[in-house]
$ cat start-v8.cif   # mmCIF, C-alpha atoms
data_entry
loop_
_atom_site.label_atom_id
_atom_site.label_comp_id
_atom_site.auth_asym_id
_atom_site.auth_seq_id
_atom_site.Cartn_x
_atom_site.Cartn_y
_atom_site.Cartn_z
CA MET U 1 7.40 -16.06 15.57
CA ILE U 2 6.66 -16.69 11.88
CA SER U 3 8.25 -13.82 9.95
CA ALA U 4 7.54 -15.10 6.42
CA LEU U 5 5.54 -17.76 4.59
CA THR U 6 6.13 -19.08 1.09
CA GLY U 7 3.40 -20.99 -0.66
CA THR U 8 0.81 -20.91 -3.43
CA ILE U 9 -1.96 -18.33 -3.28
CA ALA U 10 -5.11 -20.41 -3.56
CA HIS U 11 -7.86 -17.84 -3.04
CA VAL U 12 -8.25 -14.09 -2.46
CA HIS U 13 -11.35 -12.44 -1.07
CA GLU U 14 -11.36 -8.73 -0.23
CA SER U 15 -8.69 -8.28 2.47
CA GLN U 16 -7.90 -11.95 3.07
CA LEU U 17 -6.22 -14.73 1.16
CA GLU U 18 -5.57 -18.42 1.60
CA LEU U 19 -1.99 -19.57 1.16
CA ARG U 20 -1.30 -23.25 0.53
CA VAL U 21 1.89 -24.27 2.31
CA GLY U 22 2.44 -28.01 1.89
CA PRO U 23 -0.67 -29.79 3.23
CA MET U 24 -1.82 -26.66 5.10
CA LEU U 25 -4.13 -23.90 3.92
CA ILE U 26 -3.37 -20.77 5.93
CA SER U 27 -5.67 -17.72 6.14
CA VAL U 28 -3.72 -14.47 5.95
CA LEU U 29 -5.10 -10.94 6.21
CA ILE U 30 -3.69 -8.46 3.69
CA PRO U 31 -3.87 -4.66 3.26
CA ALA U 32 -6.66 -3.49 0.98
CA CYS U 33 -4.12 -2.04 -1.49
CA ASP U 34 -2.61 -5.49 -2.09
CA THR U 35 -5.86 -7.27 -2.95
CA ALA U 36 -5.66 -6.79 -6.74
CA GLU U 37 -1.99 -7.74 -6.89
CA CYS U 38 -2.53 -10.88 -4.82
CA ASP U 39 -5.54 -11.76 -6.94
CA ALA U 40 -3.26 -11.66 -10.00
CA LEU U 41 -0.97 -14.16 -8.26
CA ILE U 42 -3.62 -16.84 -7.64
CA GLY U 43 -2.14 -20.22 -8.47
CA ARG U 44 1.41 -18.90 -8.25
CA GLU U 45 4.00 -19.12 -5.53
CA ALA U 46 4.54 -16.02 -3.40
CA THR U 47 6.31 -15.06 -0.20
CA LEU U 48 4.39 -13.08 2.38
CA HIS U 49 6.22 -11.23 5.15
CA THR U 50 4.04 -11.72 8.18
CA LEU U 51 2.98 -10.29 11.52
CA LEU U 52 0.92 -12.03 14.18
CA TYR U 53 -1.47 -10.24 16.52
CA LEU U 54 -4.16 -11.29 18.96
CA GLU U 55 -7.76 -10.23 18.37
CA GLY U 56 -10.40 -10.18 21.08
CA ASP U 57 -10.90 -9.21 24.71
CA PRO U 58 -8.20 -10.56 27.07
CA ASN U 59 -10.53 -9.98 30.03
CA ARG U 60 -12.95 -12.53 28.60
CA GLY U 61 -10.27 -14.98 27.57
CA ASN U 62 -11.35 -15.10 23.93
CA LEU U 63 -8.16 -13.98 22.22
CA GLU U 64 -7.67 -15.36 18.72
CA PRO U 65 -4.41 -15.19 16.72
CA ARG U 66 -4.56 -13.41 13.37
CA MET U 67 -1.82 -13.40 10.73
CA ILE U 68 -1.19 -10.43 8.46
CA GLY U 69 0.89 -10.75 5.29
CA PHE U 70 2.71 -8.22 3.11
CA LEU U 71 4.33 -8.59 -0.29
CA ASN U 72 7.58 -7.02 0.92
CA LYS U 73 9.41 -6.24 4.15
CA GLN U 74 9.12 -2.49 3.63
CA ASP U 75 5.33 -2.66 3.75
CA ARG U 76 5.46 -4.72 6.94
CA ALA U 77 7.79 -2.20 8.58
CA PHE U 78 5.48 0.66 7.51
CA PHE U 79 2.48 -1.15 8.97
CA GLU U 80 4.24 -1.54 12.32
CA LEU U 81 4.86 2.22 12.45
CA PHE U 82 1.37 3.10 11.19
CA THR U 83 -0.28 1.11 13.97
CA THR U 84 1.65 3.03 16.65
CA VAL U 85 -0.70 5.98 16.03
CA LYS U 86 -3.35 6.19 18.73
CA GLY U 87 -6.65 4.73 17.56
CA ILE U 88 -5.19 2.80 14.62
CA GLY U 89 -5.10 -0.90 15.39
CA PRO U 90 -4.33 -3.68 12.93
CA LYS U 91 -7.90 -4.06 11.66
CA THR U 92 -8.31 -0.32 11.13
CA ALA U 93 -4.94 -0.10 9.36
CA LEU U 94 -5.74 -3.01 7.02
CA ARG U 95 -9.00 -1.34 5.94
CA ALA U 96 -7.44 2.12 5.67
CA LEU U 97 -4.57 1.17 3.37
CA THR U 98 -6.62 1.36 0.17
CA GLU U 99 -3.82 3.24 -1.63
CA PRO U 100 -0.23 2.06 -2.20
CA ILE U 101 1.83 2.37 0.95
CA ALA U 102 4.41 4.57 -0.82
CA ALA U 103 1.61 7.03 -1.65
CA VAL U 104 0.35 7.05 1.96
CA ALA U 105 3.87 7.60 3.26
CA HIS U 106 4.40 10.43 0.77
CA ALA U 107 1.17 12.08 1.92
CA VAL U 108 2.28 11.90 5.56
CA GLU U 109 5.73 13.31 4.76
CA SER U 110 4.19 16.15 2.74
CA LYS U 111 1.63 16.71 5.56
CA ASN U 112 -1.25 16.14 3.16
CA ALA U 113 -4.02 15.37 5.65
CA LYS U 114 -6.65 15.78 2.93
CA PHE U 115 -5.25 12.77 1.06
CA LEU U 116 -5.32 10.72 4.26
CA THR U 117 -9.01 11.49 4.85
CA GLY U 118 -9.66 9.71 1.57
CA LEU U 119 -8.51 6.45 3.13
CA LYS U 120 -11.29 4.21 4.40
CA GLY U 121 -12.17 4.91 8.02
CA ILE U 122 -9.75 7.83 8.44
CA GLY U 123 -11.42 11.06 9.53
CA LYS U 124 -9.96 14.55 9.71
CA ARG U 125 -8.80 14.32 13.34
CA THR U 126 -7.18 10.93 12.79
CA ALA U 127 -5.47 12.17 9.62
CA GLU U 128 -4.03 15.14 11.52
CA LEU U 129 -2.85 12.81 14.27
CA ILE U 130 -1.13 10.54 11.74
CA VAL U 131 0.72 13.53 10.29
CA ALA U 132 1.65 14.84 13.74
CA GLU U 133 3.02 11.50 14.96
CA LEU U 134 4.62 10.07 11.81
CA SER U 135 5.77 13.04 9.73
CA GLY U 136 9.54 12.89 9.39
CA LYS U 137 9.65 9.14 10.01
CA LEU U 138 8.40 7.75 6.69
CA GLY U 139 10.79 9.18 4.12
CA ALA U 140 12.22 5.78 3.20
CA PHE U 141 8.75 4.36 2.62
CA ALA U 142 7.69 7.30 0.44
CA LEU U 143 10.51 6.40 -1.95
CA ALA U 144 9.81 2.65 -1.87
CA PRO U 145 8.64 0.85 -5.01
CA VAL U 146 5.01 -0.20 -5.05
CA GLY U 147 4.27 -3.92 -4.85
CA GLY U 148 6.39 -6.96 -4.11
CA ALA U 149 9.25 -8.54 -5.93
CA THR U 150 6.95 -11.31 -7.13
CA SER U 151 4.42 -8.93 -8.64
CA ALA U 152 2.78 -10.09 -11.85
CA MET U 153 1.48 -6.61 -12.61
CA PRO U 154 2.97 -4.60 -15.51
CA SER U 155 6.09 -2.72 -14.46
CA PHE U 156 7.75 0.31 -15.95
CA SER U 157 11.42 1.19 -16.11
CA LYS U 158 12.94 2.91 -13.10
CA LEU U 159 11.70 6.48 -12.84
CA ASN U 160 13.99 9.48 -12.46
CA ALA U 161 13.34 12.09 -9.77
CA ALA U 162 11.13 14.31 -11.94
CA GLU U 163 9.04 11.38 -13.13
CA GLU U 164 8.62 9.95 -9.62
CA ASP U 165 7.54 13.36 -8.30
CA ALA U 166 5.01 13.64 -11.11
CA VAL U 167 3.56 10.20 -10.37
CA LEU U 168 3.32 10.93 -6.64
CA THR U 169 1.61 14.25 -7.37
CA LEU U 170 -1.11 12.44 -9.32
CA VAL U 171 -1.42 9.85 -6.56
CA THR U 172 -1.95 12.56 -3.94
CA LEU U 173 -4.70 13.92 -6.21
CA GLY U 174 -6.52 10.61 -6.00
CA GLU U 175 -5.07 8.65 -8.94
CA ARG U 176 -4.08 5.03 -8.35
CA ARG U 177 -0.33 4.49 -8.80
CA PRO U 178 -0.59 2.04 -11.73
CA ASP U 179 -2.90 4.46 -13.57
CA ALA U 180 -0.59 7.39 -12.79
CA GLU U 181 2.33 5.47 -14.28
CA VAL U 182 0.34 4.80 -17.46
CA LEU U 183 -0.38 8.54 -17.72
CA LEU U 184 3.31 9.25 -17.16
CA GLU U 185 4.34 7.03 -20.07
CA LYS U 186 1.88 8.83 -22.33
CA ALA U 187 3.08 12.24 -21.10
CA LYS U 188 6.72 11.31 -21.77
CA ALA U 189 5.77 10.42 -25.33
CA ALA U 190 4.80 14.07 -25.78
CA GLY U 191 8.42 15.05 -25.15
CA VAL U 192 8.03 16.81 -21.78
CA THR U 193 10.59 16.15 -19.05
CA SER U 194 10.26 18.48 -16.06
CA THR U 195 7.97 17.63 -13.14
CA ASP U 196 5.65 20.60 -13.79
CA GLN U 197 5.36 19.80 -17.50
CA LEU U 198 4.75 16.12 -16.81
CA VAL U 199 2.04 16.85 -14.23
CA ARG U 200 0.25 19.29 -16.56
CA GLU U 201 0.33 16.80 -19.42
CA MET U 202 -0.79 13.93 -17.18
CA LEU U 203 -3.71 15.99 -15.87
CA ARG U 204 -4.66 16.90 -19.44
CA LEU U 205 -4.59 13.24 -20.42
CA ARG U 206 -6.58 12.25 -17.36
CA GLY U 207 -9.25 14.81 -18.17
CA GLY U 208 -9.58 13.38 -21.67
CA ARG U 209 -10.18 9.78 -20.58
#

$ encode --input "start-v8.cif" --output "structure tokens"
Amino acid sequence: MISALTGTIAHVHESQLELRVGPMLISVLIPACDTAECDALIGREATLHTLLYLEGDPNRGNLEPRMIGFLNKQDRAFFELFTTVKGIGPKTALRALTEPIAAVAHAVESKNAKFLTGLKGIGKRTAELIVAELSGKLGAFALAPVGGATSAMPSFSKLNAAEEDAVLTLVTLGERRPDAEVLLEKAKAAGVTSTDQLVREMLRLRGGR
């Protein structure tokens, strides 16, 4: 089994990229939340942690191998757990993960089914099932950093507990993590430090955009 591939990202289109590994050009499916980050890495070397699954109907003998890639091992491990939920196969999971995996994990751990219904293709009943089956199992992923080690996106200094809670609160309210971190930096400049103060200031700043 191929557990990782290192090569140059040649092309990214929606939830799929092409990775050039030596003379080969390999098509790899990626979660929707990684599309922008992978797009920023076009022309650069990256390592994708991979899973292989078979797509098709085994009764008709038309199974086709598909490779899925993640920017870090944590995201791959989350995906394996996420797809244990009844009704969530690999294709559904790839489409659904439109938000950072840490944010999705945090929503599950906090039993925020409303946030989960905002994911593509996830209805109310499926969201409740995800919470019922995975709550209590995703704590490590909820604390994981967003993105891979090779990320070319802007990064902020390590957040303390109050700052991380404030960012995750904004994410559960529909803000994308990178945008929430920008709001956090602006809120910190106002001199506030507690989670409640940071959230209030971040919401004020968001409303003024």

$ atom_distance --input "start-v8.cif" --atom1 "CA of Gly43 (chain U)" --atom2 "CA of Ser15 (chain U)"
17.5 Å

$ resolve_selection --input "start-v8.cif" --expression "the PyMOL selection byres ((chain U and resi 99) around 12)" --output "MDAnalysis selection string"
chainID U and resid 31:36 93:98 100:107 115:120 146:147 168 171:178

$ resolve_selection --input "start-v8.cif" --expression "the PyMOL selection byres ((chain U and resi 54) around 10)" --output "PyMOL selection string"
chain U and resi 52-53+55-58+62-67+90

$ atom_distance --input "start-v8.cif" --atom1 "CA of Leu51 (chain U)" --atom2 "CA of Ser110 (chain U)"
27.9 Å

$ residues_around --input "start-v8.cif" --residues "Ile26 (chain U)" --least-positions-apart "4" --cutoff "9 Å" --atoms "all atoms listed in the file" --output "list in words"
Leu17, Glu18, Leu19, Arg20, Val21 and Met67 of chain U

$ residues_around --input "start-v8.cif" --residues "region 129-131 of chain U" --least-positions-apart "6" --cutoff "9 Å" --atoms "only C-alpha atoms" --output "PDB file with C-alpha atoms, in the frame of the given file"
ATOM      1  CA  PHE U  82       1.370   3.100  11.190  1.00  0.00           C
ATOM      2  CA  VAL U  85      -0.700   5.980  16.030  1.00  0.00           C
ATOM      3  CA  LYS U  86      -3.350   6.190  18.730  1.00  0.00           C
ATOM      4  CA  ALA U 107       1.170  12.080   1.920  1.00  0.00           C
ATOM      5  CA  VAL U 108       2.280  11.900   5.560  1.00  0.00           C
ATOM      6  CA  GLU U 109       5.730  13.310   4.760  1.00  0.00           C
ATOM      7  CA  SER U 110       4.190  16.150   2.740  1.00  0.00           C
ATOM      8  CA  LYS U 111       1.630  16.710   5.560  1.00  0.00           C
ATOM      9  CA  ASN U 112      -1.250  16.140   3.160  1.00  0.00           C
ATOM     10  CA  ALA U 113      -4.020  15.370   5.650  1.00  0.00           C
ATOM     11  CA  LEU U 116      -5.320  10.720   4.260  1.00  0.00           C
TER      12      LEU U 116
END

$ residues_around --input "start-v8.cif" --residues "Glu201 (chain U)" --least-positions-apart "2" --cutoff "9 Å" --atoms "all atoms listed in the file" --output "ChimeraX atom specification"
/U:183-184,186-188,190,192,196-199,203-206
